[in-house]
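File shown here: data.pdb, holding PDB, C-alpha atoms, pLDDT in the B column.
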ATOM      1  CA  MET A 168     -54.736-130.399 115.614  1.00 74.00           C
ATOM      2  CA  LYS A 169     -54.323-130.342 111.854  1.00 76.00           C
ATOM      3  CA  PRO A 170     -57.482-130.462 109.688  1.00 77.00           C
ATOM      4  CA  MET A 171     -56.963-134.096 108.687  1.00 79.00           C
ATOM      5  CA  GLU A 172     -56.362-135.037 112.316  1.00 87.00           C
ATOM      6  CA  ILE A 173     -59.587-133.310 113.354  1.00 86.00           C
ATOM      7  CA  GLU A 174     -61.556-135.207 110.712  1.00 86.00           C
ATOM      8  CA  LYS A 175     -59.918-138.497 111.679  1.00 88.00           C
ATOM      9  CA  ARG A 176     -60.747-137.937 115.352  1.00 91.00           C
ATOM     10  CA  SER A 177     -64.307-136.919 114.466  1.00 93.00           C
ATOM     11  CA  PHE A 178     -64.894-140.190 112.651  1.00 90.00           C
ATOM     12  CA  GLU A 179     -63.394-142.094 115.580  1.00 92.00           C
ATOM     13  CA  ILE A 180     -65.905-140.402 117.894  1.00 94.00           C
ATOM     14  CA  ILE A 181     -68.733-141.269 115.497  1.00 94.00           C
ATOM     15  CA  GLN A 182     -67.652-144.912 115.601  1.00 93.00           C
ATOM     16  CA  GLU A 183     -67.523-144.817 119.405  1.00 94.00           C
ATOM     17  CA  GLU A 184     -71.041-143.362 119.587  1.00 93.00           C
ATOM     18  CA  LEU A 185     -72.415-145.846 117.072  1.00 93.00           C
ATOM     19  CA  GLY A 186     -71.045-148.662 119.179  1.00 90.00           C
ATOM     20  CA  ASP A 187     -72.358-152.014 117.969  1.00 87.00           C
ATOM     21  CA  HIS A 188     -74.902-150.409 115.633  1.00 88.00           C
ATOM     22  CA  LYS A 189     -74.392-152.006 112.226  1.00 88.00           C
ATOM     23  CA  LEU A 190     -74.911-149.804 109.178  1.00 93.00           C
ATOM     24  CA  GLU A 191     -75.779-151.305 105.814  1.00 94.00           C
ATOM     25  CA  PRO A 192     -72.412-151.587 104.008  1.00 94.00           C
ATOM     26  CA  GLU A 193     -73.545-149.752 100.857  1.00 96.00           C
ATOM     27  CA  TYR A 194     -74.568-146.689 102.895  1.00 97.00           C
ATOM     28  CA  ASP A 195     -72.081-146.880 105.764  1.00 95.00           C
ATOM     29  CA  LEU A 196     -69.724-144.112 104.623  1.00 94.00           C
ATOM     30  CA  LEU A 197     -72.565-141.912 103.374  1.00 97.00           C
ATOM     31  CA  ILE A 198     -74.344-142.027 106.733  1.00 97.00           C
ATOM     32  CA  ARG A 199     -71.112-141.424 108.643  1.00 95.00           C
ATOM     33  CA  ARG A 200     -70.300-138.396 106.480  1.00 95.00           C
ATOM     34  CA  VAL A 201     -73.764-136.922 107.057  1.00 97.00           C
ATOM     35  CA  ILE A 202     -73.350-137.434 110.803  1.00 97.00           C
ATOM     36  CA  HIS A 203     -69.915-135.829 110.592  1.00 95.00           C
ATOM     37  CA  THR A 204     -71.457-132.821 108.837  1.00 96.00           C
ATOM     38  CA  THR A 205     -74.384-132.411 111.231  1.00 97.00           C
ATOM     39  CA  ALA A 206     -73.325-134.031 114.533  1.00 95.00           C
ATOM     40  CA  ASP A 207     -76.790-135.610 114.435  1.00 97.00           C
ATOM     41  CA  PHE A 208     -77.121-139.373 114.863  1.00 96.00           C
ATOM     42  CA  GLU A 209     -80.826-139.388 113.969  1.00 96.00           C
ATOM     43  CA  TYR A 210     -79.781-139.639 110.321  1.00 97.00           C
ATOM     44  CA  VAL A 211     -79.009-143.309 110.968  1.00 96.00           C
ATOM     45  CA  ASP A 212     -82.756-143.923 111.142  1.00 96.00           C
ATOM     46  CA  THR A 213     -84.202-141.212 108.876  1.00 98.00           C
ATOM     47  CA  LEU A 214     -82.161-141.520 105.676  1.00 98.00           C
ATOM     48  CA  ALA A 215     -84.131-143.481 103.077  1.00 98.00           C
ATOM     49  CA  PHE A 216     -82.861-144.968  99.832  1.00 98.00           C
ATOM     50  CA  SER A 217     -84.240-146.417  96.640  1.00 98.00           C
ATOM     51  CA  GLU A 218     -82.757-149.787  95.706  1.00 98.00           C
ATOM     52  CA  HIS A 219     -78.946-149.601  95.501  1.00 98.00           C
ATOM     53  CA  ALA A 220     -79.107-145.803  95.535  1.00 98.00           C
ATOM     54  CA  MET A 221     -75.473-145.287  96.496  1.00 97.00           C
ATOM     55  CA  LEU A 222     -74.227-147.578  93.744  1.00 97.00           C
ATOM     56  CA  LYS A 223     -76.505-145.792  91.269  1.00 98.00           C
ATOM     57  CA  LEU A 224     -75.185-142.393  92.396  1.00 98.00           C
ATOM     58  CA  MET A 225     -71.580-143.509  92.024  1.00 97.00           C
ATOM     59  CA  ASP A 226     -72.253-145.015  88.590  1.00 97.00           C
ATOM     60  CA  ALA A 227     -73.847-141.744  87.436  1.00 98.00           C
ATOM     61  CA  ILE A 228     -70.848-139.733  88.630  1.00 98.00           C
ATOM     62  CA  ARG A 229     -68.416-142.211  87.084  1.00 96.00           C
ATOM     63  CA  ASN A 230     -70.219-141.798  83.771  1.00 96.00           C
ATOM     64  CA  GLY A 231     -69.650-138.030  83.800  1.00 97.00           C
ATOM     65  CA  CYS A 232     -73.105-136.963  84.962  1.00 97.00           C
ATOM     66  CA  ASP A 233     -73.591-133.272  85.819  1.00 98.00           C
ATOM     67  CA  ILE A 234     -75.136-132.197  89.120  1.00 98.00           C
ATOM     68  CA  VAL A 235     -77.856-129.561  89.577  1.00 98.00           C
ATOM     69  CA  THR A 236     -78.329-127.971  93.001  1.00 98.00           C
ATOM     70  CA  ASP A 237     -81.072-125.763  94.392  1.00 97.00           C
ATOM     71  CA  THR A 238     -78.683-123.461  96.273  1.00 97.00           C
ATOM     72  CA  THR A 239     -75.271-121.921  95.768  1.00 97.00           C
ATOM     73  CA  MET A 240     -74.388-123.263  99.225  1.00 97.00           C
ATOM     74  CA  THR A 241     -74.796-126.868  98.093  1.00 98.00           C
ATOM     75  CA  MET A 242     -72.866-126.099  94.915  1.00 98.00           C
ATOM     76  CA  SER A 243     -70.058-124.566  97.005  1.00 97.00           C
ATOM     77  CA  GLY A 244     -69.923-127.586  99.312  1.00 97.00           C
ATOM     78  CA  ILE A 245     -69.512-130.183  96.566  1.00 98.00           C
ATOM     79  CA  ASN A 246     -65.925-131.158  95.768  1.00 97.00           C
ATOM     80  CA  LYS A 247     -65.903-129.888  92.194  1.00 97.00           C
ATOM     81  CA  LYS A 248     -62.261-130.782  91.590  1.00 96.00           C
ATOM     82  CA  THR A 249     -62.948-134.442  92.300  1.00 96.00           C
ATOM     83  CA  LEU A 250     -66.183-134.349  90.289  1.00 97.00           C
ATOM     84  CA  ALA A 251     -64.277-132.900  87.324  1.00 97.00           C
ATOM     85  CA  LYS A 252     -61.991-135.952  87.303  1.00 96.00           C
ATOM     86  CA  PHE A 253     -65.016-137.962  86.228  1.00 96.00           C
ATOM     87  CA  GLY A 254     -66.142-135.358  83.677  1.00 97.00           C
ATOM     88  CA  GLY A 255     -68.943-133.785  85.716  1.00 97.00           C
ATOM     89  CA  THR A 256     -69.870-130.165  86.431  1.00 98.00           C
ATOM     90  CA  VAL A 257     -72.118-128.568  89.057  1.00 98.00           C
ATOM     91  CA  HIS A 258     -74.896-126.149  88.035  1.00 98.00           C
ATOM     92  CA  CYS A 259     -77.105-123.854  90.091  1.00 98.00           C
ATOM     93  CA  PHE A 260     -79.613-121.644  88.268  1.00 98.00           C
ATOM     94  CA  ILE A 261     -81.268-120.039  91.288  1.00 97.00           C
ATOM     95  CA  ALA A 262     -79.551-116.665  90.788  1.00 96.00           C
ATOM     96  CA  ASP A 263     -79.953-116.516  86.991  1.00 98.00           C
ATOM     97  CA  ALA A 264     -81.742-113.405  85.767  1.00 98.00           C
ATOM     98  CA  ASP A 265     -84.044-115.344  83.425  1.00 98.00           C
ATOM     99  CA  VAL A 266     -85.090-117.633  86.280  1.00 98.00           C
ATOM    100  CA  ALA A 267     -85.877-114.678  88.542  1.00 97.00           C
ATOM    101  CA  GLU A 268     -87.878-112.920  85.832  1.00 98.00           C
ATOM    102  CA  GLU A 269     -89.920-115.993  84.944  1.00 97.00           C
ATOM    103  CA  ALA A 270     -90.615-116.841  88.582  1.00 97.00           C
ATOM    104  CA  LYS A 271     -91.877-113.315  89.238  1.00 97.00           C
ATOM    105  CA  ALA A 272     -94.069-113.321  86.126  1.00 98.00           C
ATOM    106  CA  ARG A 273     -95.641-116.676  87.019  1.00 97.00           C
ATOM    107  CA  GLY A 274     -95.870-116.047  90.741  1.00 97.00           C
ATOM    108  CA  VAL A 275     -93.858-119.159  91.616  1.00 96.00           C
ATOM    109  CA  THR A 276     -90.527-119.777  93.338  1.00 96.00           C
ATOM    110  CA  ARG A 277     -87.169-119.488  91.625  1.00 97.00           C
ATOM    111  CA  SER A 278     -86.403-123.001  92.857  1.00 97.00           C
ATOM    112  CA  LEU A 279     -89.298-124.393  90.842  1.00 96.00           C
ATOM    113  CA  VAL A 280     -88.274-122.524  87.697  1.00 97.00           C
ATOM    114  CA  SER A 281     -84.609-123.461  88.085  1.00 98.00           C
ATOM    115  CA  MET A 282     -85.527-127.163  88.029  1.00 98.00           C
ATOM    116  CA  GLU A 283     -87.508-126.590  84.829  1.00 98.00           C
ATOM    117  CA  LYS A 284     -84.454-124.894  83.330  1.00 98.00           C
ATOM    118  CA  ALA A 285     -82.321-127.873  84.304  1.00 98.00           C
ATOM    119  CA  ALA A 286     -84.742-130.252  82.584  1.00 97.00           C
ATOM    120  CA  ARG A 287     -84.239-128.350  79.339  1.00 97.00           C
ATOM    121  CA  MET A 288     -80.525-129.185  79.398  1.00 96.00           C
ATOM    122  CA  GLY A 289     -81.488-132.492  77.791  1.00 91.00           C
ATOM    123  CA  LYS A 290     -78.767-134.563  79.426  1.00 94.00           C
ATOM    124  CA  PRO A 291     -78.438-137.067  82.276  1.00 95.00           C
ATOM    125  CA  LEU A 292     -78.499-135.225  85.594  1.00 98.00           C
ATOM    126  CA  ILE A 293     -78.136-135.745  89.330  1.00 98.00           C
ATOM    127  CA  PHE A 294     -80.194-133.358  91.476  1.00 98.00           C
ATOM    128  CA  ALA A 295     -79.032-132.333  94.955  1.00 98.00           C
ATOM    129  CA  VAL A 296     -81.781-130.454  96.807  1.00 98.00           C
ATOM    130  CA  GLY A 297     -81.048-129.316 100.351  1.00 97.00           C
ATOM    131  CA  ASN A 298     -83.224-126.273 100.866  1.00 97.00           C
ATOM    132  CA  ALA A 299     -86.334-125.887  98.700  1.00 96.00           C
ATOM    133  CA  PRO A 300     -89.261-128.327  98.828  1.00 97.00           C
ATOM    134  CA  THR A 301     -90.688-126.548  95.768  1.00 97.00           C
ATOM    135  CA  ALA A 302     -87.654-127.818  93.845  1.00 97.00           C
ATOM    136  CA  LEU A 303     -88.680-131.384  94.711  1.00 98.00           C
ATOM    137  CA  PHE A 304     -92.300-130.734  93.727  1.00 97.00           C
ATOM    138  CA  SER A 305     -91.036-129.327  90.423  1.00 97.00           C
ATOM    139  CA  ILE A 306     -88.849-132.389  89.800  1.00 98.00           C
ATOM    140  CA  CYS A 307     -91.783-134.701  90.533  1.00 98.00           C
ATOM    141  CA  GLU A 308     -94.050-132.815  88.138  1.00 98.00           C
ATOM    142  CA  LEU A 309     -91.417-132.880  85.403  1.00 98.00           C
ATOM    143  CA  ILE A 310     -90.986-136.639  85.862  1.00 98.00           C
ATOM    144  CA  ARG A 311     -94.723-137.212  85.608  1.00 98.00           C
ATOM    145  CA  GLU A 312     -94.879-135.095  82.446  1.00 97.00           C
ATOM    146  CA  GLY A 313     -92.072-137.118  80.873  1.00 97.00           C
ATOM    147  CA  LYS A 314     -89.798-134.082  80.687  1.00 97.00           C
ATOM    148  CA  LEU A 315     -87.209-135.370  83.130  1.00 97.00           C
ATOM    149  CA  ASN A 316     -85.644-138.732  83.954  1.00 97.00           C
ATOM    150  CA  PRO A 317     -83.008-138.004  86.600  1.00 98.00           C
ATOM    151  CA  GLU A 318     -80.186-140.421  87.297  1.00 98.00           C
ATOM    152  CA  MET A 319     -80.555-139.611  91.007  1.00 98.00           C
ATOM    153  CA  VAL A 320     -82.438-137.139  93.198  1.00 98.00           C
ATOM    154  CA  ILE A 321     -80.972-136.282  96.576  1.00 98.00           C
ATOM    155  CA  GLY A 322     -83.926-134.791  98.433  1.00 98.00           C
ATOM    156  CA  VAL A 323     -82.938-133.427 101.831  1.00 98.00           C
ATOM    157  CA  PRO A 324     -84.547-129.969 102.187  1.00 98.00           C
ATOM    158  CA  VAL A 325     -84.839-128.610 105.725  1.00 97.00           C
ATOM    159  CA  GLY A 326     -87.780-126.723 107.200  1.00 96.00           C
ATOM    160  CA  PHE A 327     -91.393-126.806 108.339  1.00 96.00           C
ATOM    161  CA  VAL A 328     -93.604-125.968 105.333  1.00 95.00           C
ATOM    162  CA  ASN A 329     -94.189-128.688 102.710  1.00 96.00           C
ATOM    163  CA  VAL A 330     -90.842-130.294 103.495  1.00 97.00           C
ATOM    164  CA  VAL A 331     -92.117-133.671 104.705  1.00 98.00           C
ATOM    165  CA  GLU A 332     -94.746-133.790 101.953  1.00 98.00           C
ATOM    166  CA  ALA A 333     -92.230-133.006  99.199  1.00 98.00           C
ATOM    167  CA  LYS A 334     -89.909-135.771 100.335  1.00 98.00           C
ATOM    168  CA  GLU A 335     -92.721-138.319 100.470  1.00 98.00           C
ATOM    169  CA  GLU A 336     -93.909-137.304  97.001  1.00 98.00           C
ATOM    170  CA  LEU A 337     -90.397-137.701  95.655  1.00 98.00           C
ATOM    171  CA  MET A 338     -90.166-141.229  97.017  1.00 98.00           C
ATOM    172  CA  ASN A 339     -93.471-142.050  95.335  1.00 98.00           C
ATOM    173  CA  THR A 340     -92.404-140.521  92.009  1.00 98.00           C
ATOM    174  CA  ALA A 341     -88.666-140.855  91.349  1.00 98.00           C
ATOM    175  CA  LYS A 342     -87.029-144.170  90.473  1.00 98.00           C
ATOM    176  CA  HIS A 343     -83.743-143.306  92.143  1.00 98.00           C
ATOM    177  CA  TYR A 344     -83.557-141.219  95.311  1.00 98.00           C
ATOM    178  CA  ILE A 345     -81.765-140.526  98.569  1.00 98.00           C
ATOM    179  CA  VAL A 346     -84.095-138.782 101.021  1.00 98.00           C
ATOM    180  CA  ASN A 347     -84.001-137.756 104.641  1.00 98.00           C
ATOM    181  CA  ARG A 348     -87.477-138.266 106.012  1.00 97.00           C
ATOM    182  CA  GLY A 349     -88.856-135.581 108.286  1.00 97.00           C
ATOM    183  CA  ARG A 350     -87.946-131.921 108.699  1.00 97.00           C
ATOM    184  CA  LYS A 351     -84.190-132.217 108.927  1.00 98.00           C
ATOM    185  CA  GLY A 352     -81.701-131.784 106.117  1.00 98.00           C
ATOM    186  CA  GLY A 353     -79.969-128.815 104.537  1.00 98.00           C
ATOM    187  CA  SER A 354     -77.594-127.732 101.824  1.00 98.00           C
ATOM    188  CA  ASN A 355     -74.655-129.081 103.811  1.00 97.00           C
ATOM    189  CA  VAL A 356     -76.312-132.507 103.984  1.00 98.00           C
ATOM    190  CA  ALA A 357     -76.949-132.564 100.230  1.00 98.00           C
ATOM    191  CA  ALA A 358     -73.301-131.702  99.587  1.00 98.00           C
ATOM    192  CA  ALA A 359     -72.103-134.301 102.098  1.00 98.00           C
ATOM    193  CA  ILE A 360     -74.039-137.046 100.311  1.00 98.00           C
ATOM    194  CA  VAL A 361     -72.522-136.130  96.949  1.00 98.00           C
ATOM    195  CA  ASN A 362     -69.047-135.927  98.482  1.00 97.00           C
ATOM    196  CA  ALA A 363     -69.459-139.336 100.112  1.00 97.00           C
ATOM    197  CA  ALA A 364     -69.932-140.820  96.649  1.00 97.00           C
ATOM    198  CA  LEU A 365     -67.053-138.813  95.199  1.00 97.00           C
ATOM    199  CA  TYR A 366     -64.627-139.864  97.921  1.00 94.00           C
ATOM    200  CA  GLN A 367     -65.570-143.532  97.610  1.00 94.00           C
ATOM    201  CA  LEU A 368     -65.032-143.406  93.865  1.00 94.00           C
ATOM    202  CA  SER A 369     -61.673-141.683  94.284  1.00 90.00           C
ATOM    203  CA  ALA A 370     -60.557-144.224  96.875  1.00 86.00           C
ATOM    204  CA  ARG A 371     -61.399-147.087  94.521  1.00 79.00           C
ATOM    205  CA  GLU A 372     -59.312-145.557  91.752  1.00 72.00           C
ATOM    206  CA  GLU A 373     -56.225-144.969  93.908  1.00 63.00           C
TER     207      GLU A 373
END
Once you've parsed the file, please lay out its structure as structure tokens.
Amino acid sequence: MKPMEIEKRSFEIIQEELGDHKLEPEYDLLIRRVIHTTADFEYVDTLAFSEHAMLKLMDAIRNGCDIVTDTTMTMSGINKKTLAKFGGTVHCFIADADVAEEAKARGVTRSLVSMEKAARMGKPLIFAVGNAPTALFSICELIREGKLNPEMVIGVPVGFVNVVEAKEELMNTAKHYIVNRGRKGGSNVAAAIVNAALYQLSAREE
């Protein structure tokens, strides 16, 4: 089967497995794309959204908002060509020498410092976090200090330590968020959520 045929058949299988389960229209394609990425139907029940989060995410992208990720894997997974059509760019500072040096000097994670670096960009930003709960804690602290006002925070880190707590804190701190409650998530999930918005925007323009 050709790649497009495989994807088409995958979404047909997802529909078959969902059966009569009705997804909220605003989040239908986002949830299906996350399931397609993970083969995990639990995301139907665990994905949580601030009010009109998908519409807010699409508006931010349409307005040329840049995206900051916590991993190069998430950055690699985002469709940068489509994002560029709307004037946006993806940034990941995790491997920057200045971030590594500062993190070592302060005894904190590079993820935390990379979010602080992003806040200093002084422009509207979308954050896509799929790996590091410390990145979410950093974002929350920056919001509370008035140093950051993100257009959207996608908080889907995966793991066992501080992951659940970081997601809950984000939902109590950020105005606009898309979160997967619990331990599951990952860089691929963060990228899938961004791509779901990008593909919907592209489809509307065609």
Given all atoms listed in the file, how would the per-residue table for range 236-295 of chain A near range 215-229 of chain A read, listing every residue at most 12 Å away with its closest atom pair and distance in Å to one decimal, sorted by chain and number, as a Markdown table?
| residue | atom | partner | partner_atom | distance |
| --- | --- | --- | --- | --- |
| A:Lys247 | CA | A:Ile228 | CA | 11.6 |
| A:Thr249 | CA | A:Ile228 | CA | 10.2 |
| A:Leu250 | CA | A:Ile228 | CA | 7.3 |
| A:Ala251 | CA | A:Ile228 | CA | 9.6 |
| A:Lys252 | CA | A:Arg229 | CA | 9.0 |
| A:Phe253 | CA | A:Arg229 | CA | 5.5 |
| A:Gly254 | CA | A:Arg229 | CA | 8.0 |
| A:Gly255 | CA | A:Ile228 | CA | 6.9 |
| A:Thr256 | CA | A:Ile228 | CA | 9.9 |
| A:Val257 | CA | A:Ile228 | CA | 11.2 |
| A:Lys290 | CA | A:Ala227 | CA | 11.8 |
| A:Pro291 | CA | A:Ala227 | CA | 8.3 |
| A:Leu292 | CA | A:Ala227 | CA | 8.2 |
| A:Ile293 | CA | A:Ala227 | CA | 7.6 |
| A:Phe294 | CA | A:Leu224 | CA | 10.4 |
| A:Ala295 | CA | A:Leu224 | CA | 11.1 |
(request) Apply the PyMOL selection byres ((chain A and resi 324-334) around 12) to the displayed file and report the matching residues as JSON, numbers by chain. (result) {"A": [213, 214, 215, 216, 236, 237, 238, 241, 278, 295, 296, 297, 298, 299, 300, 301, 302, 303, 304, 305, 306, 307, 308, 320, 321, 322, 323, 335, 336, 337, 338, 339, 340, 341, 344, 345, 346, 347, 348, 349, 350, 351, 352, 353, 354, 355, 356, 357, 358]}
(request) Name all residues at most 9 Å from range 177-186 of chain A (count only C-alpha atoms; drop same-chain ones fewer than 5 positions away) and give them as a list of chain:residue names. (result)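 Counting only the stated atoms, we get A:Glu172, A:Arg199, A:Arg200, A:Ile202, A:His203, A:Ala206, A:Phe208.
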(message) Report, in Å with one decimal, the straight-line distance from CA of Asp212 in chain A to CA of Ala359 in chain A.
(response)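 Distance between the two atoms: 17.0 Å.
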(request) Find the distance between CA of Glu269 in chain A and CA of Ile310 in chain A and write it in Å to one decimal. (result)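 The value is 20.7 Å.
Atom to atom, CA of Val280 in chain A and CA of Val235 in chain A stand 12.7 Å apart.
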(message) Using all atoms listed in the file, which protein or nucleic acid residues come within 12 Å of Val266 in chain A? Drop anything in the same chain fewer than 4 positions from it, and give the result as a PyMOL selection string.
(response) chain A and resi 259-262+270-285
Go ahead and write the selection's residues with C-alpha atoms as a PDB file, keeping the file's coordinate frame.
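Once everything was written out, this is selection.pdb:
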ATOM      1  CA  CYS A 259     -77.105-123.854  90.091  1.00 98.00           C
ATOM      2  CA  PHE A 260     -79.613-121.644  88.268  1.00 98.00           C
ATOM      3  CA  ILE A 261     -81.268-120.039  91.288  1.00 97.00           C
ATOM      4  CA  ALA A 262     -79.551-116.665  90.788  1.00 96.00           C
ATOM      5  CA  ALA A 270     -90.615-116.841  88.582  1.00 97.00           C
ATOM      6  CA  LYS A 271     -91.877-113.315  89.238  1.00 97.00           C
ATOM      7  CA  ALA A 272     -94.069-113.321  86.126  1.00 98.00           C
ATOM      8  CA  ARG A 273     -95.641-116.676  87.019  1.00 97.00           C
ATOM      9  CA  GLY A 274     -95.870-116.047  90.741  1.00 97.00           C
ATOM     10  CA  VAL A 275     -93.858-119.159  91.616  1.00 96.00           C
ATOM     11  CA  THR A 276     -90.527-119.777  93.338  1.00 96.00           C
ATOM     12  CA  ARG A 277     -87.169-119.488  91.625  1.00 97.00           C
ATOM     13  CA  SER A 278     -86.403-123.001  92.857  1.00 97.00           C
ATOM     14  CA  LEU A 279     -89.298-124.393  90.842  1.00 96.00           C
ATOM     15  CA  VAL A 280     -88.274-122.524  87.697  1.00 97.00           C
ATOM     16  CA  SER A 281     -84.609-123.461  88.085  1.00 98.00           C
ATOM     17  CA  MET A 282     -85.527-127.163  88.029  1.00 98.00           C
ATOM     18  CA  GLU A 283     -87.508-126.590  84.829  1.00 98.00           C
ATOM     19  CA  LYS A 284     -84.454-124.894  83.330  1.00 98.00           C
ATOM     20  CA  ALA A 285     -82.321-127.873  84.304  1.00 98.00           C
TER      21      ALA A 285
END
(request) Have a look at A:Leu197, A:Val361, A:Glu268, A:Leu315 and name the one nearest to Lys342 in chain A; count only C-alpha atoms. (result) A:Leu315
